[in-house]
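Containing mmCIF, C-alpha atoms: run.cif.
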data_target
#
loop_
_atom_site.label_atom_id
_atom_site.label_comp_id
_atom_site.auth_asym_id
_atom_site.auth_seq_id
_atom_site.Cartn_x
_atom_site.Cartn_y
_atom_site.Cartn_z
CA MET N 1 26.10 -46.62 14.38
CA ASP N 2 23.69 -49.16 12.97
CA LEU N 3 21.10 -46.45 12.44
CA VAL N 4 23.59 -44.45 10.45
CA SER N 5 24.19 -47.33 8.07
CA GLN N 6 20.50 -48.13 7.87
CA TRP N 7 19.07 -44.68 7.31
CA SER N 8 21.87 -42.80 5.56
CA PRO N 9 21.17 -44.32 2.13
CA SER N 10 17.63 -42.92 2.07
CA MET N 11 18.81 -39.71 3.65
CA LEU N 12 21.35 -39.28 0.85
CA ARG N 13 18.67 -39.82 -1.76
CA VAL N 14 16.33 -37.33 -0.17
CA ALA N 15 19.06 -34.74 0.33
CA ARG N 16 20.15 -35.18 -3.26
CA MET N 17 16.76 -33.90 -4.44
CA TYR N 18 17.39 -30.53 -2.92
CA VAL N 19 21.09 -29.99 -3.46
CA PRO N 20 23.13 -29.92 -6.64
CA SER N 21 25.72 -32.65 -5.97
CA GLN N 22 26.35 -35.92 -4.20
CA ALA N 23 29.13 -34.25 -2.19
CA VAL N 24 26.78 -31.61 -0.81
CA ALA N 25 24.19 -34.32 -0.08
CA GLU N 26 26.82 -36.17 1.98
CA ASP N 27 27.52 -32.96 3.87
CA VAL N 28 23.84 -32.51 4.61
CA VAL N 29 23.51 -36.08 5.88
CA GLN N 30 26.53 -35.64 8.14
CA GLU N 31 25.25 -32.32 9.46
CA THR N 32 21.89 -33.93 10.12
CA TRP N 33 23.38 -36.73 12.20
CA LEU N 34 25.46 -34.27 14.18
CA GLY N 35 22.34 -32.15 14.67
CA VAL N 36 20.49 -35.25 15.86
CA LEU N 37 23.21 -36.03 18.38
CA ASN N 38 23.18 -32.49 19.72
CA GLY N 39 19.41 -32.16 19.70
CA ILE N 40 18.33 -35.60 20.86
CA ASP N 41 17.21 -34.05 24.17
CA ARG N 42 14.60 -32.11 22.23
CA PHE N 43 13.14 -35.26 20.68
CA GLU N 44 9.74 -35.59 22.31
CA GLY N 45 8.64 -38.93 20.96
CA ARG N 46 5.56 -37.49 19.29
CA SER N 47 6.67 -38.97 15.97
CA SER N 48 8.95 -41.94 15.37
CA LEU N 49 12.66 -41.20 15.75
CA ARG N 50 13.09 -41.87 12.05
CA THR N 51 10.39 -39.39 11.06
CA TRP N 52 12.04 -36.81 13.31
CA VAL N 53 15.48 -37.42 11.78
CA PHE N 54 14.07 -37.10 8.27
CA SER N 55 12.32 -33.86 9.09
CA ILE N 56 15.63 -32.41 10.29
CA LEU N 57 17.27 -33.69 7.14
CA VAL N 58 14.70 -32.12 4.83
CA ASN N 59 14.95 -28.77 6.61
CA ARG N 60 18.70 -28.74 6.29
CA ALA N 61 18.67 -29.92 2.71
CA ARG N 62 16.15 -27.23 1.78
CA THR N 63 18.17 -24.49 3.44
CA ARG N 64 21.30 -25.73 1.76
CA GLY N 65 19.54 -26.04 -1.59
CA GLU N 66 18.37 -22.45 -1.42
CA ARG N 67 21.82 -21.31 -0.48
CA GLU N 68 23.18 -23.22 -3.48
CA ARG N 69 20.44 -21.75 -5.65
CA ARG N 70 18.76 -24.95 -6.57
CA THR N 71 15.33 -25.97 -5.44
CA ILE N 72 13.30 -28.70 -7.03
CA PRO N 73 9.54 -28.45 -6.77
CA PHE N 74 9.32 -32.14 -6.03
CA ALA N 75 5.59 -32.18 -5.46
CA ALA N 76 5.09 -30.77 -8.95
CA LEU N 77 7.43 -33.33 -10.42
CA ALA N 78 5.67 -36.11 -8.56
CA ARG N 79 2.27 -34.97 -9.80
CA GLN N 80 3.54 -34.77 -13.32
CA GLU N 81 4.84 -38.33 -13.10
CA SER N 82 1.49 -39.65 -11.99
CA ASP N 83 -1.16 -37.94 -14.07
CA ASP N 84 -0.61 -39.32 -17.56
CA GLY N 85 -2.20 -42.55 -18.73
CA PHE N 86 -0.70 -45.64 -17.23
CA GLU N 87 -1.38 -49.36 -17.49
CA ALA N 88 0.26 -51.70 -15.00
CA VAL N 89 0.05 -54.49 -17.57
CA ASP N 90 0.19 -54.27 -21.37
CA PRO N 91 -3.46 -54.01 -22.54
CA SER N 92 -2.83 -56.66 -25.19
CA ARG N 93 -2.65 -59.23 -22.39
CA PHE N 94 -6.40 -58.81 -21.80
CA VAL N 95 -9.46 -59.78 -23.81
CA SER N 96 -10.52 -56.65 -25.68
CA SER N 97 -14.14 -57.39 -26.63
CA GLY N 98 -17.10 -59.63 -25.95
CA SER N 99 -18.49 -60.79 -22.63
CA ASP N 100 -15.00 -61.60 -21.24
CA ILE N 101 -13.70 -58.10 -21.86
CA GLY N 102 -10.92 -57.21 -19.44
CA ALA N 103 -10.17 -60.84 -18.50
CA TRP N 104 -6.67 -62.24 -18.92
CA ALA N 105 -6.01 -63.39 -22.50
CA SER N 106 -2.44 -64.27 -21.58
CA PRO N 107 -2.36 -64.67 -17.80
CA PRO N 108 0.77 -64.42 -15.67
CA VAL N 109 2.31 -67.66 -14.46
CA ARG N 110 4.05 -68.59 -11.25
CA TRP N 111 7.75 -67.79 -11.47
CA TRP N 112 9.06 -70.34 -9.04
CA GLU N 113 7.89 -72.68 -6.34
CA GLU N 114 10.22 -71.53 -3.60
CA PRO N 115 10.89 -67.78 -3.56
CA GLU N 116 14.26 -68.15 -1.85
CA ARG N 117 15.57 -70.02 -4.89
CA ALA N 118 14.97 -67.03 -7.10
CA LEU N 119 16.46 -64.65 -4.56
CA ASP N 120 19.82 -66.31 -5.16
CA SER N 121 19.78 -65.08 -8.68
CA ALA N 122 22.29 -62.26 -8.98
CA GLU N 123 21.07 -61.76 -12.51
CA ALA N 124 17.49 -61.09 -11.42
CA VAL N 125 18.78 -58.53 -8.94
CA ALA N 126 20.85 -56.84 -11.64
CA ARG N 127 17.80 -56.77 -13.88
CA ILE N 128 15.75 -55.09 -11.18
CA GLN N 129 18.46 -52.55 -10.47
CA SER N 130 18.69 -51.54 -14.10
CA GLU N 131 14.90 -51.20 -14.27
CA ILE N 132 14.93 -48.94 -11.21
CA ASP N 133 17.65 -46.81 -12.75
CA LYS N 134 15.40 -46.23 -15.77
CA LEU N 135 12.40 -45.00 -13.73
CA PRO N 136 11.48 -41.30 -13.65
CA GLU N 137 12.92 -39.59 -10.57
CA GLY N 138 9.84 -39.58 -8.36
CA GLN N 139 9.01 -43.23 -8.98
CA ARG N 140 12.63 -44.19 -8.47
CA LEU N 141 12.82 -42.37 -5.15
CA VAL N 142 9.58 -43.75 -3.82
CA ILE N 143 10.21 -47.40 -4.71
CA THR N 144 13.76 -47.23 -3.42
CA MET N 145 12.83 -45.62 -0.12
CA ARG N 146 9.85 -47.91 0.40
CA ASP N 147 10.95 -51.29 -0.90
CA VAL N 148 14.75 -51.19 -0.87
CA ASP N 149 15.35 -49.05 2.24
CA GLY N 150 12.17 -50.15 4.03
CA LEU N 151 10.75 -46.75 5.06
CA SER N 152 7.03 -46.49 5.82
CA SER N 153 4.59 -44.71 3.52
CA GLU N 154 4.19 -41.96 6.11
CA GLU N 155 7.96 -41.41 6.29
CA VAL N 156 8.28 -41.22 2.52
CA ARG N 157 5.27 -38.97 2.24
CA SER N 158 6.55 -36.49 4.77
CA ALA N 159 10.18 -36.62 3.63
CA LEU N 160 9.18 -35.89 0.03
CA ASP N 161 6.30 -33.62 0.99
CA ILE N 162 3.81 -35.32 -1.32
CA SER N 163 0.27 -36.52 -0.65
CA GLU N 164 -0.43 -40.06 0.45
CA THR N 165 -2.31 -40.74 -2.78
CA ASN N 166 0.51 -39.37 -4.87
CA GLN N 167 3.00 -41.53 -3.00
CA ARG N 168 0.88 -44.59 -3.68
CA VAL N 169 0.48 -43.83 -7.37
CA LEU N 170 4.23 -43.44 -7.82
CA LEU N 171 4.83 -46.68 -5.92
CA HIS N 172 2.20 -48.48 -8.00
CA ARG N 173 3.76 -47.44 -11.28
CA ALA N 174 7.27 -48.23 -10.17
CA ARG N 175 6.35 -51.68 -8.82
CA ALA N 176 4.36 -52.54 -11.94
CA LYS N 177 7.38 -51.76 -14.13
CA VAL N 178 9.76 -53.76 -11.95
CA ARG N 179 7.33 -56.71 -11.90
CA LYS N 180 7.20 -56.60 -15.68
CA ALA N 181 10.99 -56.57 -15.90
CA LEU N 182 11.12 -59.66 -13.68
CA GLU N 183 8.40 -61.35 -15.70
CA ASP N 184 10.36 -60.75 -18.89
CA TYR N 185 13.48 -62.02 -17.18
CA TYR N 186 11.84 -65.27 -16.07
CA ALA N 187 10.23 -65.73 -19.49
CA ASP N 188 13.69 -65.56 -21.10
CA ALA N 189 15.40 -67.69 -18.47
CA MET Y 1 -23.93 -55.00 -5.07
CA PRO Y 2 -21.35 -53.25 -7.32
CA ASP Y 3 -20.22 -54.87 -10.55
CA PRO Y 4 -17.50 -57.47 -10.13
CA LEU Y 5 -13.97 -56.39 -11.05
CA ASN Y 6 -12.41 -57.61 -14.22
CA CYS Y 7 -8.73 -58.59 -14.37
CA ARG Y 8 -7.60 -55.47 -16.14
CA GLU Y 9 -9.19 -53.34 -13.42
CA LEU Y 10 -7.84 -55.52 -10.65
CA VAL Y 11 -4.17 -55.12 -11.57
CA GLU Y 12 -4.52 -51.36 -11.14
CA LEU Y 13 -5.76 -51.86 -7.58
CA VAL Y 14 -3.02 -54.18 -6.36
CA THR Y 15 -1.00 -51.42 -4.70
CA ASP Y 16 -4.04 -49.99 -2.91
CA TYR Y 17 -4.75 -53.51 -1.71
CA LEU Y 18 -1.21 -54.21 -0.49
CA GLU Y 19 -1.03 -50.77 1.14
CA GLY Y 20 -4.23 -51.39 3.07
CA ALA Y 21 -5.74 -48.32 1.42
CA MET Y 22 -9.06 -49.86 0.39
CA PRO Y 23 -12.44 -49.38 2.01
CA PRO Y 24 -13.81 -52.72 3.30
CA ALA Y 25 -16.39 -53.16 0.52
CA GLU Y 26 -13.80 -52.69 -2.19
CA ARG Y 27 -11.41 -54.99 -0.40
CA ALA Y 28 -14.09 -57.69 -0.31
CA ARG Y 29 -14.70 -57.22 -4.04
CA PHE Y 30 -10.96 -57.52 -4.69
CA GLU Y 31 -10.62 -60.66 -2.59
CA ALA Y 32 -13.69 -62.25 -4.15
CA HIS Y 33 -12.09 -61.87 -7.57
CA ILE Y 34 -8.69 -63.20 -6.47
CA ALA Y 35 -10.32 -66.25 -4.89
CA THR Y 36 -11.66 -67.46 -8.22
CA CYS Y 37 -9.09 -66.15 -10.72
CA ASP Y 38 -5.77 -68.02 -11.12
CA GLY Y 39 -4.31 -65.30 -13.33
CA CYS Y 40 -4.91 -62.51 -10.84
CA ASP Y 41 -3.81 -64.72 -7.97
CA ALA Y 42 -0.53 -65.35 -9.81
CA TYR Y 43 -0.22 -61.62 -10.51
CA LEU Y 44 -0.63 -60.76 -6.83
CA ILE Y 45 1.93 -63.41 -5.86
CA GLN Y 46 4.35 -62.05 -8.46
CA MET Y 47 3.90 -58.58 -7.01
CA ARG Y 48 4.59 -59.77 -3.48
CA GLU Y 49 7.67 -61.61 -4.72
CA THR Y 50 8.84 -58.51 -6.58
CA ILE Y 51 8.68 -56.60 -3.30
CA VAL Y 52 10.66 -59.33 -1.52
CA VAL Y 53 13.38 -59.22 -4.19
CA LEU Y 54 13.48 -55.40 -4.00
CA GLY Y 55 14.19 -55.74 -0.28
CA THR Y 56 17.35 -57.72 -1.04
CA LEU Y 57 18.94 -54.99 -3.19
CA PRO Y 58 22.01 -53.43 -1.66
CA ALA Y 59 21.38 -49.88 -0.43
CA ASP Y 60 23.68 -46.95 -1.29
CA ARG Y 61 26.22 -46.06 1.33
CA LEU Y 62 27.88 -42.94 2.62
CA SER Y 63 31.46 -42.58 1.45
CA SER Y 64 33.89 -44.26 3.83
CA THR Y 65 35.38 -40.89 4.83
CA ALA Y 66 31.97 -39.52 5.80
CA GLU Y 67 31.11 -42.70 7.64
CA GLU Y 68 34.42 -42.65 9.53
CA GLN Y 69 33.88 -39.02 10.57
CA LEU Y 70 30.41 -39.87 11.81
CA ARG Y 71 31.71 -42.86 13.72
CA GLY Y 72 34.11 -40.50 15.47
CA ALA Y 73 31.32 -38.04 16.26
CA PHE Y 74 29.19 -40.82 17.73
CA ARG Y 75 32.11 -42.05 19.83
CA ASP Y 76 32.74 -38.55 21.19
CA TRP Y 77 29.07 -38.11 21.88
CA ARG Y 78 28.86 -41.37 23.80
CA ALA Y 79 31.97 -40.46 25.76
CA GLY Y 80 30.34 -37.12 26.62
CA GLN Y 81 27.19 -38.91 27.72
CA ALA Y 82 29.02 -41.38 29.95
CA PRO Y 83 28.87 -40.65 33.69
CA GLN Y 84 31.99 -38.84 34.83
CA PRO Y 85 34.33 -40.95 36.95
#

Using structure tokens, write down the structure from this file.
Amino acid sequence: MDLVSQWSPSMLRVARMYVPSQAVAEDVVQETWLGVLNGIDRFEGRSSLRTWVFSILVNRARTRGERERRTIPFAALARQESDDGFEAVDPSRFVSSGSDIGAWASPPVRWWEEPERALDSAEAVARIQSEIDKLPEGQRLVITMRDVDGLSSEEVRSALDISETNQRVLLHRARAKVRKALEDYYADA
Amino acid sequence: MPDPLNCRELVELVTDYLEGAMPPAERARFEAHIATCDGCDAYLIQMRETIVVLGTLPADRLSSTAEEQLRGAFRDWRAGQAPQP
């Protein structure tokens, strides 16, 4: 049952990309687990168990999405979210001319001495959550699956059917924005 | 020897670095910069800390009805798997 609690959150998010409602996504996740139980004998150990479970999930979610007449070309969406100009840090923070061009003009500072102190901060967590909620869909999915749910890059890549590079670009953008939100938070605190 | 990185370039490479997606020469160039730049070192630490904090966020859950049904299915499955008396 532990696996169900651990993996279902990501499974719900992935299923939700293909089907029109949270209720249908829940159905798909349930069906997937039942399918896993019935088909575990066919699991050959050529991929990780988690990768196998997610591939079953995606197949079911796709089938269901087609039946419900909604398919999202996620790869297209993901490409679109990663091909415009992007700067991880506001360009005004860097020297813009002269021999030091590109060096920090206003460098970042350490937030805290002991990380665990900051982790206590419910406010920082709330700040991060609201930043994640504001991200475009692809970036939100990737950062949540990778950094909140703890899936590997390979699992995210294959579940979302995007390239490894594309996965990394979405992750980069999402993390940069969350870092900035935390930086602003600690600057105000 | 390629040109050294500047800070503005380095921050765009942090994810490649943390993901282990850099060829060795580029990795060496990255690390050489970090070793002598307090600002970029702080940036990298902030990024690592951001990832740690992300890992503490609560994940979504299945609805309790769905979870209860699944619990039942797992119980039945285990009972079916158990050796018959």

| request: Run the PyMOL selection byres ((chain Y) within 10 of (chain N)) on the file and write out the hits as a ChimeraX atom specification. | output: /Y:5-16,19,21,37-63,66-67,69-71,73-75,77-78

Students should find that atom CA of Arg16 of chain N and atom CA of Ala61 of chain N are spaced 8.1 Å

Taken to one decimal, the atom CA of Val142 of chain N-atom CA of Ala174 of chain N distance is 8.1 Å

- Task: Run the PyMOL selection byres ((chain N and resi 52-55) around 9) mentally over the shown coordinates, then write out the matched residues as a PyMOL selection string, using the chain letters and numbers from the document.
- Result: chain N and resi 11+14+32-33+36+43+45-51+56-60+155+158-159

Resulting file, chosen residues, C-alpha atoms, as a PDB file, keeping the file's coordinate frame:
ATOM      1  CA  MET N  11      18.810 -39.710   3.650  1.00  0.00           C
ATOM      2  CA  VAL N  14      16.330 -37.330  -0.170  1.00  0.00           C
ATOM      3  CA  THR N  32      21.890 -33.930  10.120  1.00  0.00           C
ATOM      4  CA  TRP N  33      23.380 -36.730  12.200  1.00  0.00           C
ATOM      5  CA  VAL N  36      20.490 -35.250  15.860  1.00  0.00           C
ATOM      6  CA  PHE N  43      13.140 -35.260  20.680  1.00  0.00           C
ATOM      7  CA  GLY N  45       8.640 -38.930  20.960  1.00  0.00           C
ATOM      8  CA  ARG N  46       5.560 -37.490  19.290  1.00  0.00           C
ATOM      9  CA  SER N  47       6.670 -38.970  15.970  1.00  0.00           C
ATOM     10  CA  SER N  48       8.950 -41.940  15.370  1.00  0.00           C
ATOM     11  CA  LEU N  49      12.660 -41.200  15.750  1.00  0.00           C
ATOM     12  CA  ARG N  50      13.090 -41.870  12.050  1.00  0.00           C
ATOM     13  CA  THR N  51      10.390 -39.390  11.060  1.00  0.00           C
ATOM     14  CA  ILE N  56      15.630 -32.410  10.290  1.00  0.00           C
ATOM     15  CA  LEU N  57      17.270 -33.690   7.140  1.00  0.00           C
ATOM     16  CA  VAL N  58      14.700 -32.120   4.830  1.00  0.00           C
ATOM     17  CA  ASN N  59      14.950 -28.770   6.610  1.00  0.00           C
ATOM     18  CA  ARG N  60      18.700 -28.740   6.290  1.00  0.00           C
ATOM     19  CA  GLU N 155       7.960 -41.410   6.290  1.00  0.00           C
ATOM     20  CA  SER N 158       6.550 -36.490   4.770  1.00  0.00           C
ATOM     21  CA  ALA N 159      10.180 -36.620   3.630  1.00  0.00           C
TER      22      ALA N 159
END

Could you jot down the atom CA of Gly20 of chain Y to atom CA of Leu135 of chain N separation for me, Å, one decimal place?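 Between atom CA of Gly20 of chain Y and atom CA of Leu135 of chain N the gap is 24.5 Å.
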